[in-house]
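**Q** Take a look at run-v6.tsv, TSV, C-alpha atoms:
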chain	number	residue	atom	x	y	z
A	1035	MET	CA	24.17	15.36	50.71
A	1036	ARG	CA	25.64	15.28	54.18
A	1037	GLY	CA	23.00	17.70	55.44
A	1038	THR	CA	20.27	15.55	53.91
A	1039	LEU	CA	21.51	12.44	55.70
A	1040	LEU	CA	21.78	14.31	59.01
A	1041	VAL	CA	18.19	15.52	58.73
A	1042	ALA	CA	17.01	12.04	57.69
A	1043	ARG	CA	18.74	10.42	60.67
A	1044	ARG	CA	17.30	13.04	63.02
A	1045	GLU	CA	13.79	12.55	61.64
A	1046	LEU	CA	14.00	8.78	61.72
A	1047	SER	CA	15.10	8.94	65.36
A	1048	ALA	CA	12.13	11.21	66.07
A	1049	TYR	CA	9.78	8.63	64.55
A	1050	LEU	CA	11.30	5.89	66.71
A	1051	ARG	CA	10.96	8.00	69.86
A	1052	SER	CA	7.42	9.06	69.08
A	1053	PRO	CA	4.39	6.76	69.34
A	1054	LEU	CA	3.06	8.09	66.01
A	1055	GLY	CA	5.27	5.87	63.85
A	1056	TYR	CA	4.47	2.74	65.86
A	1057	VAL	CA	0.73	3.46	66.00
A	1058	VAL	CA	0.45	4.18	62.27
A	1059	ALA	CA	2.53	1.13	61.32
A	1060	ALA	CA	0.61	-1.17	63.70
A	1061	ALA	CA	-2.76	0.12	62.49
A	1062	ALA	CA	-1.77	-0.23	58.83
A	1063	LEU	CA	-0.49	-3.78	59.32
A	1064	LEU	CA	-3.63	-4.75	61.25
A	1065	ILE	CA	-5.90	-3.37	58.54
A	1066	ASP	CA	-3.76	-5.04	55.85
A	1067	GLY	CA	-4.14	-8.38	57.62
A	1068	ILE	CA	-7.89	-8.02	58.05
A	1069	TYR	CA	-8.31	-6.90	54.45
A	1070	PHE	CA	-6.25	-9.84	53.18
A	1071	GLN	CA	-8.37	-12.31	55.15
A	1072	VAL	CA	-11.77	-10.78	54.48
A	1073	ALA	CA	-11.57	-9.13	51.06
A	1074	ALA	CA	-8.69	-10.85	49.26
A	1075	LEU	CA	-9.26	-14.43	50.42
A	1076	GLY	CA	-12.95	-13.92	51.10
A	1077	SER	CA	-15.33	-16.83	50.88
A	1078	GLY	CA	-15.37	-19.35	48.07
A	1079	ALA	CA	-12.76	-20.30	45.51
A	1080	ARG	CA	-10.76	-17.57	43.80
A	1081	LEU	CA	-7.91	-17.51	41.34
A	1082	SER	CA	-4.52	-16.85	42.95
A	1083	ALA	CA	-3.92	-13.84	40.69
A	1084	GLU	CA	-7.27	-12.35	41.77
A	1085	VAL	CA	-6.37	-12.77	45.44
A	1086	LEU	CA	-3.04	-11.04	44.87
A	1087	LEU	CA	-4.63	-8.20	42.89
A	1088	LYS	CA	-7.20	-7.52	45.62
A	1089	PHE	CA	-4.53	-7.61	48.34
A	1090	LEU	CA	-2.25	-5.21	46.45
A	1091	ASP	CA	-5.14	-2.86	45.78
A	1092	GLY	CA	-6.04	-2.70	49.47
A	1093	THR	CA	-2.41	-2.36	50.52
A	1094	ALA	CA	-1.87	0.50	48.05
A	1095	PHE	CA	-4.79	2.47	49.49
A	1096	ILE	CA	-3.76	1.80	53.10
A	1097	THR	CA	-0.16	2.82	52.33
A	1098	MET	CA	-1.38	6.03	50.73
A	1099	VAL	CA	-3.38	6.94	53.85
A	1100	ALA	CA	-0.56	5.92	56.23
A	1101	ALA	CA	1.95	8.00	54.26
A	1102	LEU	CA	-0.30	11.04	54.52
A	1103	ILE	CA	-0.64	10.64	58.29
A	1104	LEU	CA	3.10	10.15	58.78
A	1105	SER	CA	3.90	13.25	56.73
A	1106	MET	CA	1.70	15.66	58.68
A	1107	ARG	CA	4.26	16.16	61.44
A	1108	LEU	CA	7.31	16.66	59.25
A	1109	ILE	CA	7.16	20.47	59.14
A	1110	ALA	CA	3.89	21.36	60.88
A	1111	GLY	CA	4.96	19.36	63.93
A	1112	GLU	CA	8.23	21.30	64.09
A	1113	ARG	CA	6.27	24.54	63.81
A	1114	GLU	CA	3.89	23.53	66.61
A	1115	SER	CA	6.70	22.51	68.97
A	1116	GLY	CA	8.75	25.62	68.20
A	1117	THR	CA	11.76	23.67	66.89
A	1118	LEU	CA	11.39	24.77	63.28
A	1119	ILE	CA	13.38	27.95	63.93
A	1120	LEU	CA	16.27	25.82	65.23
A	1121	LEU	CA	16.15	23.70	62.09
A	1122	LYS	CA	16.12	26.77	59.87
A	1123	THR	CA	19.15	28.25	61.59
A	1124	ALA	CA	21.13	25.01	61.28
A	1125	PRO	CA	23.81	24.84	58.55
A	1126	VAL	CA	21.56	22.92	56.15
A	1127	ARG	CA	19.74	24.15	53.08
A	1128	ASP	CA	15.97	24.11	52.67
A	1129	GLY	CA	16.18	21.41	50.02
A	1130	GLU	CA	18.24	19.21	52.35
A	1131	ILE	CA	15.64	19.63	55.09
A	1132	ILE	CA	12.80	18.63	52.78
A	1133	VAL	CA	14.59	15.68	51.16
A	1134	GLY	CA	15.99	14.45	54.48
A	1135	LYS	CA	12.56	14.42	56.09
A	1136	PHE	CA	11.07	12.77	53.01
A	1137	LEU	CA	13.69	9.99	53.01
A	1138	ALA	CA	13.14	9.28	56.71
A	1139	ALA	CA	9.39	8.95	56.25
A	1140	LEU	CA	9.89	6.88	53.09
A	1141	ALA	CA	12.18	4.49	54.98
A	1142	LEU	CA	9.43	3.93	57.54
A	1143	VAL	CA	6.79	3.40	54.85
A	1144	THR	CA	9.09	0.97	53.03
A	1145	LEU	CA	9.71	-1.03	56.20
A	1146	MET	CA	6.01	-1.07	57.03
A	1147	THR	CA	5.16	-2.27	53.52
A	1148	ALA	CA	7.93	-4.88	53.46
A	1149	ILE	CA	6.56	-6.51	56.61
A	1150	THR	CA	3.36	-7.38	54.74
A	1151	ILE	CA	5.23	-9.55	52.23
A	1152	TYR	CA	4.32	-12.72	54.12
A	1153	MET	CA	0.66	-12.25	53.13
A	1154	PRO	CA	1.04	-12.67	49.35
A	1155	LEU	CA	3.55	-15.44	50.00
A	1156	LEU	CA	0.76	-17.36	51.75
A	1157	ILE	CA	-0.91	-17.68	48.36
A	1158	PHE	CA	1.76	-20.25	47.45
A	1159	VAL	CA	0.31	-22.61	50.09
A	1160	ASN	CA	-2.75	-23.43	47.97
A	1161	GLY	CA	-2.03	-21.61	44.73
A	1162	LYS	CA	0.60	-20.12	42.50
A	1163	VAL	CA	1.38	-16.58	41.39
A	1164	SER	CA	4.28	-14.97	39.59
A	1165	VAL	CA	7.05	-13.58	41.78
A	1166	GLY	CA	7.40	-10.83	39.19
A	1167	HIS	CA	3.75	-9.91	39.74
A	1168	ILE	CA	4.42	-9.52	43.47
A	1169	LEU	CA	7.55	-7.42	42.91
A	1170	VAL	CA	5.86	-5.15	40.36
A	1171	GLY	CA	2.83	-4.78	42.62
A	1172	TYR	CA	4.95	-3.79	45.61
A	1173	SER	CA	6.90	-1.35	43.43
A	1174	GLY	CA	3.64	0.37	42.61
A	1175	VAL	CA	2.63	0.48	46.26
A	1176	LEU	CA	5.93	2.12	47.24
A	1177	LEU	CA	5.77	4.61	44.38
A	1178	LEU	CA	2.26	5.59	45.45
A	1179	GLY	CA	3.46	5.87	49.04
A	1180	ALA	CA	6.37	8.12	47.97
A	1181	ALA	CA	4.07	10.40	45.97
A	1182	SER	CA	1.62	10.60	48.91
A	1183	LEU	CA	4.47	11.45	51.29
A	1184	ALA	CA	5.63	14.27	49.02
A	1185	ILE	CA	2.10	15.66	48.84
A	1186	GLY	CA	1.71	15.42	52.61
A	1187	LEU	CA	5.08	17.07	53.15
A	1188	PHE	CA	4.08	19.96	50.91
A	1189	ALA	CA	0.84	20.35	52.87
A	1190	SER	CA	2.85	20.26	56.10
A	1191	THR	CA	4.97	23.22	54.95
A	1192	LEU	CA	1.80	25.24	54.31
A	1193	ALA	CA	-0.12	24.38	57.48
A	1194	ALA	CA	0.16	25.91	60.92
A	1195	SER	CA	-0.83	22.66	62.64
A	1196	GLN	CA	-0.70	18.93	61.98
A	1197	VAL	CA	-4.48	18.67	61.79
A	1198	ILE	CA	-4.66	21.30	59.06
A	1199	ALA	CA	-1.73	19.61	57.31
A	1200	VAL	CA	-3.47	16.24	57.10
A	1201	ILE	CA	-6.73	17.86	55.95
A	1202	LEU	CA	-4.95	19.86	53.24
A	1203	GLY	CA	-2.93	16.81	52.15
A	1204	ALA	CA	-6.10	14.71	51.99
A	1205	ALA	CA	-7.76	17.40	49.87
A	1206	ILE	CA	-4.89	17.35	47.35
A	1207	ILE	CA	-4.74	13.54	47.22
A	1208	GLY	CA	-8.52	13.37	46.99
A	1209	THR	CA	-8.54	15.82	44.08
A	1210	LEU	CA	-5.92	13.81	42.20
A	1211	GLY	CA	-7.76	10.61	43.11
A	1212	PHE	CA	-11.20	11.67	41.90
A	1213	LEU	CA	-9.86	12.65	38.49
A	1214	PHE	CA	-10.80	9.19	37.24
A	1215	LEU	CA	-14.46	10.16	37.75
A	1216	VAL	CA	-13.89	13.37	35.82
A	1217	ALA	CA	-12.30	11.36	33.01
A	1218	ARG	CA	-15.47	9.30	32.68
A	1219	VAL	CA	-17.61	12.31	31.88
A	1220	THR	CA	-15.20	14.15	29.56
A	1221	GLU	CA	-14.70	13.67	25.85
A	1222	PRO	CA	-11.52	12.53	24.06
A	1223	PRO	CA	-8.74	13.60	24.03
A	1224	LEU	CA	-9.31	15.49	27.28
A	1225	ASN	CA	-10.35	12.34	29.12
A	1226	ASP	CA	-6.99	10.71	28.30
A	1227	PHE	CA	-5.14	13.71	29.73
A	1228	VAL	CA	-7.25	13.71	32.90
A	1229	SER	CA	-6.79	9.95	33.30
A	1230	ALA	CA	-3.04	10.36	33.03
A	1231	LEU	CA	-3.10	12.69	36.06
A	1232	ASN	CA	-5.06	10.30	38.28
A	1233	LEU	CA	-3.05	9.36	41.37
A	1234	TYR	CA	-5.13	6.32	42.27
A	1235	PRO	CA	-6.42	3.96	40.96
A	1236	LEU	CA	-5.75	4.48	37.21
A	1237	ASN	CA	-1.96	4.92	37.39
A	1238	GLN	CA	-1.78	2.18	39.98
A	1239	LYS	CA	-3.83	-0.36	38.04
A	1240	PRO	CA	-1.02	-1.65	35.77
A	1241	PHE	CA	1.16	-2.37	38.83
A	1242	LEU	CA	-1.71	-4.27	40.46
A	1243	ASN	CA	-1.93	-6.46	37.36
A	1244	GLY	CA	1.81	-7.08	37.38
A	1245	VAL	CA	2.52	-4.85	34.37
A	1246	LEU	CA	5.48	-2.48	34.69
A	1247	ARG	CA	5.08	0.56	32.43
A	1248	LEU	CA	7.61	3.35	32.23
A	1249	GLU	CA	4.93	6.05	31.97
A	1250	ASN	CA	3.36	4.98	35.28
A	1251	VAL	CA	6.73	4.95	37.03
A	1252	LEU	CA	7.58	8.37	35.63
A	1253	TYR	CA	4.19	9.71	36.72
A	1254	TYR	CA	4.77	8.89	40.40
A	1255	VAL	CA	8.37	10.11	40.25
A	1256	ALA	CA	7.17	13.37	38.67
A	1257	VAL	CA	4.45	13.85	41.31
A	1258	ALA	CA	6.94	13.26	44.13
A	1259	TYR	CA	9.50	15.60	42.55
A	1260	PHE	CA	6.95	18.36	41.90
A	1261	PHE	CA	5.61	18.42	45.45
A	1262	LEU	CA	9.06	18.12	47.03
A	1263	LEU	CA	10.16	21.08	44.92
A	1264	ALA	CA	7.03	22.99	45.91
A	1265	ALA	CA	7.67	22.17	49.58
A	1266	THR	CA	11.25	23.43	49.28
A	1267	HIS	CA	10.16	26.74	47.76
A	1268	THR	CA	7.39	27.12	50.35
A	1269	LEU	CA	9.80	26.55	53.22
A	1270	ARG	CA	12.27	29.01	51.68
A	1271	ALA	CA	9.56	31.65	51.26
A	1272	ARG	CA	8.41	31.27	54.86
A	1273	ARG	CA	11.99	31.60	56.07
A	1274	TRP	CA	12.07	35.23	54.94
A	1275	ARG	CA	8.72	36.21	56.41
Could you rewrite the structure in this file as structure tokens?

**A**
Amino acid sequence: MRGTLLVARRELSAYLRSPLGYVVAAAALLIDGIYFQVAALGSGARLSAEVLLKFLDGTAFITMVAALILSMRLIAGERESGTLILLKTAPVRDGEIIVGKFLAALALVTLMTAITIYMPLLIFVNGKVSVGHILVGYSGVLLLGAASLAIGLFASTLAASQVIAVILGAAIIGTLGFLFLVARVTEPPLNDFVSALNLYPLNQKPFLNGVLRLENVLYYVAVAYFFLLAATHTLRARRWR
């Protein structure tokens, strides 16, 4: 646990010293604001719940992309700069390295997402929505962000460069994302199984509607756990090469 916290603190400091974290956060917040104004509010009268649903949907997608970009440097960046060997020889285990880096990136994604909270609160100026709907929606956004970070971190352990890492991570996320199209052209009960594996939007949809379901929470937790475990084993295998 101590090793995990040391790695997390080191990685968080690296984000704060690097322009990457600031650029990604600023770009995500700018796009969130534009999306809220143009797509969520739009033109003409809309129900408050519809405005909130559209905003959460856009924020979820933007968070997923931002998490992927932030994760590309976690291991691949260390490999490019030549500091990965120093990290491997430090008195920390591979699992502590992976989890520490994941927690640091997750903290940044959580902060970035929390800053957007003023946007749905603006709905209360001329409308009314459930606070529970907002909280459930943001929970879904963060769970999606955590799963995307874990996928990106796994890709970062495989790749020799950050560019390859983000491409590989995007390929994995894209594959899990397009499963909802596969589900449409398959027959029961296979379509139900394929739908259950969809990263976005099917598993995110209940959160967007303010419905908290245990199976959707467990899905994102399972995805994050699986790819963090895979990243740990990949890093361990590369250590002995």

**Q** Any idea what's packed within 12 Å of Gly1116 in chain A, counting only C-alpha atoms, ignoring anything in its chain fewer than 6 positions away? Could you give it as JSON, numbers by chain?

**A** {"A": [1109, 1110, 1122, 1194, 1195]}

**Q** Save the residues we just selected, C-alpha atoms, as a CSV table (one decimal), in the frame of the given file?

**A**
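Output below, filename selection-v4.csv:
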chain,number,residue,atom,x,y,z
A,1109,ILE,CA,7.2,20.5,59.1
A,1110,ALA,CA,3.9,21.4,60.9
A,1122,LYS,CA,16.1,26.8,59.9
A,1194,ALA,CA,0.2,25.9,60.9
A,1195,SER,CA,-0.8,22.7,62.6

**Q** Find the residue from A:Tyr1056, A:Tyr1069, A:Phe1261, A:Phe1241 that sits nearest to Leu1176 in chain A; use all atoms listed in the file when measuring.

**A**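 Of A:Tyr1056, A:Tyr1069, A:Phe1261, A:Phe1241, the one nearest Leu1176 in chain A is A:Phe1241, counting all atoms listed in the file.
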
**Q** Closest to Ala1100 in chain A among A:Ser1173, A:Asn1250, A:Thr1144, A:Ser1052, using all atoms listed in the file?

**A**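 The shortest atom-to-atom distance to Ala1100 in chain A comes from A:Thr1144.
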
**Q** Please compute the CA of Gly1129 in chain A-CA of Thr1147 in chain A distance, one decimal, in Å.

**A**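 Separation between CA of Gly1129 in chain A and CA of Thr1147 in chain A: 26.4 Å.
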
**Q** When you draw a straight line from CA of Leu1187 in chain A to CA of Leu1248 in chain A, how long is it in Å?

**A**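 Here the two named atoms are 25.1 Å from each other.
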
**Q** Which distance in Å separates CA of Pro1125 in chain A and CA of Ala1048 in chain A, to one decimal?

**A**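 Rounded to one decimal, the two atoms are 19.5 Å apart.
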
**Q** If you count all atoms listed in the file, which residues fall within 8 Å of Gly1092 in chain A, apart from same-chain ones fewer than 4 positions away, as a list in words?

**A**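 Those residues are Asp1066, Tyr1069, Lys1088 and Ile1096 of chain A.
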
**Q** Go through range 1091-1128 of chain A residue by residue and, counting all atoms listed in the file, keep those with an atom at most 12 Å from range 1042-1047 of chain A; for each kept residue give the shortest atom pair and its distance in Å to one decimal, ordered by chain and increasing number, as CSV.

**A**
residue,atom,partner,partner_atom,distance
A:Leu1104,CA,A:Glu1045,CA,11.3
A:Ser1105,CA,A:Glu1045,CA,11.1
A:Arg1107,CA,A:Glu1045,CA,10.2
A:Leu1108,CA,A:Glu1045,CA,8.0
A:Ile1109,CA,A:Glu1045,CA,10.6
A:Gly1111,CA,A:Glu1045,CA,11.4
A:Glu1112,CA,A:Glu1045,CA,10.7
A:Leu1121,CA,A:Arg1044,CA,10.8
A:Val1126,CA,A:Ala1042,CA,11.9

**Q** Do you know which residues lie at most 10 Å from (-1.0, 19.8, 50.3), with coordinates as in the file and all atoms listed in the file counted, and could you write them as a list in words?

**A**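 Output: Leu1102, Met1106, Ser1182, Ala1184, Ile1185, Gly1186, Leu1187, Phe1188, Ala1189, Ser1190, Thr1191, Leu1192, Ala1193, Ile1198, Ala1199, Val1200, Ile1201, Leu1202, Gly1203, Ala1204, Ala1205, Ile1206, Ile1207, Phe1261, Ala1264 and Ala1265 of chain A.
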
**Q** Would you export the selected residues with C-alpha atoms as a PDB file, in the frame of the given file, please?

**A**
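Wrote again07.pdb, looks like this:
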ATOM      1  CA  LEU A1102      -0.300  11.040  54.520  1.00  0.00           C
ATOM      2  CA  MET A1106       1.700  15.660  58.680  1.00  0.00           C
ATOM      3  CA  SER A1182       1.620  10.600  48.910  1.00  0.00           C
ATOM      4  CA  ALA A1184       5.630  14.270  49.020  1.00  0.00           C
ATOM      5  CA  ILE A1185       2.100  15.660  48.840  1.00  0.00           C
ATOM      6  CA  GLY A1186       1.710  15.420  52.610  1.00  0.00           C
ATOM      7  CA  LEU A1187       5.080  17.070  53.150  1.00  0.00           C
ATOM      8  CA  PHE A1188       4.080  19.960  50.910  1.00  0.00           C
ATOM      9  CA  ALA A1189       0.840  20.350  52.870  1.00  0.00           C
ATOM     10  CA  SER A1190       2.850  20.260  56.100  1.00  0.00           C
ATOM     11  CA  THR A1191       4.970  23.220  54.950  1.00  0.00           C
ATOM     12  CA  LEU A1192       1.800  25.240  54.310  1.00  0.00           C
ATOM     13  CA  ALA A1193      -0.120  24.380  57.480  1.00  0.00           C
ATOM     14  CA  ILE A1198      -4.660  21.300  59.060  1.00  0.00           C
ATOM     15  CA  ALA A1199      -1.730  19.610  57.310  1.00  0.00           C
ATOM     16  CA  VAL A1200      -3.470  16.240  57.100  1.00  0.00           C
ATOM     17  CA  ILE A1201      -6.730  17.860  55.950  1.00  0.00           C
ATOM     18  CA  LEU A1202      -4.950  19.860  53.240  1.00  0.00           C
ATOM     19  CA  GLY A1203      -2.930  16.810  52.150  1.00  0.00           C
ATOM     20  CA  ALA A1204      -6.100  14.710  51.990  1.00  0.00           C
ATOM     21  CA  ALA A1205      -7.760  17.400  49.870  1.00  0.00           C
ATOM     22  CA  ILE A1206      -4.890  17.350  47.350  1.00  0.00           C
ATOM     23  CA  ILE A1207      -4.740  13.540  47.220  1.00  0.00           C
ATOM     24  CA  PHE A1261       5.610  18.420  45.450  1.00  0.00           C
ATOM     25  CA  ALA A1264       7.030  22.990  45.910  1.00  0.00           C
ATOM     26  CA  ALA A1265       7.670  22.170  49.580  1.00  0.00           C
TER      27      ALA A1265
END

**Q** My list of candidates is A:Ala1258, A:Leu1210, A:Val1133, A:Leu1145. Which is closest to Gly1037 in chain A when distances are computed with only C-alpha atoms?

**A**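 Checking each of A:Ala1258, A:Leu1210, A:Val1133, A:Leu1145 against Gly1037 in chain A, counting only C-alpha atoms, the winner is A:Val1133.
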
**Q** Nearest residue to Leu1269 in chain A out of A:Ile1119, A:Val1245, A:Ala1059, A:Leu1075, using only C-alpha atoms?

**A**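 Selected residue with least distance to Leu1269 in chain A: A:Ile1119.
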
**Q** With a distance cut-off of 9 Å and all atoms listed in the file, select the neighbouring residues of Tyr1172 in chain A, excluding the residue or stretch itself and same-chain residues fewer than 2 positions from it, and output the selection as JSON, numbers by chain.

**A** {"A": [1090, 1093, 1094, 1147, 1148, 1151, 1167, 1168, 1169, 1170, 1174, 1175, 1176, 1177, 1241, 1242]}

**Q** What's around Leu1233 in chain A at 8 Å? Count all atoms listed in the file, leave out sequence neighbours fewer than 4 positions away in its own chain, and write the answer as a list in words.

**A**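 My list of contacting residues is Leu1178, Ile1207, Leu1210, Gly1211, Asn1237, Gln1238 and Tyr1254 of chain A.
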
**Q** So which one's closest to Leu1087 in chain A, A:Leu1054, A:Leu1231, A:Ala1060, A:Ala1074? Using only C-alpha atoms, please.

**A**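 The closest residue to Leu1087 in chain A is A:Ala1074.
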
**Q** Could you check the closest approach to Phe1260 in chain A for each of A:Val1197, A:Leu1081, A:Leu1236, A:Leu1183 and tell me which residue wins, using all atoms listed in the file?

**A** A:Leu1183

**Q** Please list, as a tab-separated table (two decimals) with C-alpha atoms, keeping the file's coordinate frame, the residues that have an atom at most 10 Å away from (17.0, 13.0, 56.1) in the coordinates of this file, counting only C-alpha atoms.

**A**
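out34.tsv was written with the following content:
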chain	number	residue	atom	x	y	z
A	1035	MET	CA	24.17	15.36	50.71
A	1036	ARG	CA	25.64	15.28	54.18
A	1037	GLY	CA	23.00	17.70	55.44
A	1038	THR	CA	20.27	15.55	53.91
A	1039	LEU	CA	21.51	12.44	55.70
A	1040	LEU	CA	21.78	14.31	59.01
A	1041	VAL	CA	18.19	15.52	58.73
A	1042	ALA	CA	17.01	12.04	57.69
A	1043	ARG	CA	18.74	10.42	60.67
A	1044	ARG	CA	17.30	13.04	63.02
A	1045	GLU	CA	13.79	12.55	61.64
A	1046	LEU	CA	14.00	8.78	61.72
A	1130	GLU	CA	18.24	19.21	52.35
A	1131	ILE	CA	15.64	19.63	55.09
A	1132	ILE	CA	12.80	18.63	52.78
A	1133	VAL	CA	14.59	15.68	51.16
A	1134	GLY	CA	15.99	14.45	54.48
A	1135	LYS	CA	12.56	14.42	56.09
A	1136	PHE	CA	11.07	12.77	53.01
A	1137	LEU	CA	13.69	9.99	53.01
A	1138	ALA	CA	13.14	9.28	56.71
A	1139	ALA	CA	9.39	8.95	56.25
A	1140	LEU	CA	9.89	6.88	53.09
A	1141	ALA	CA	12.18	4.49	54.98
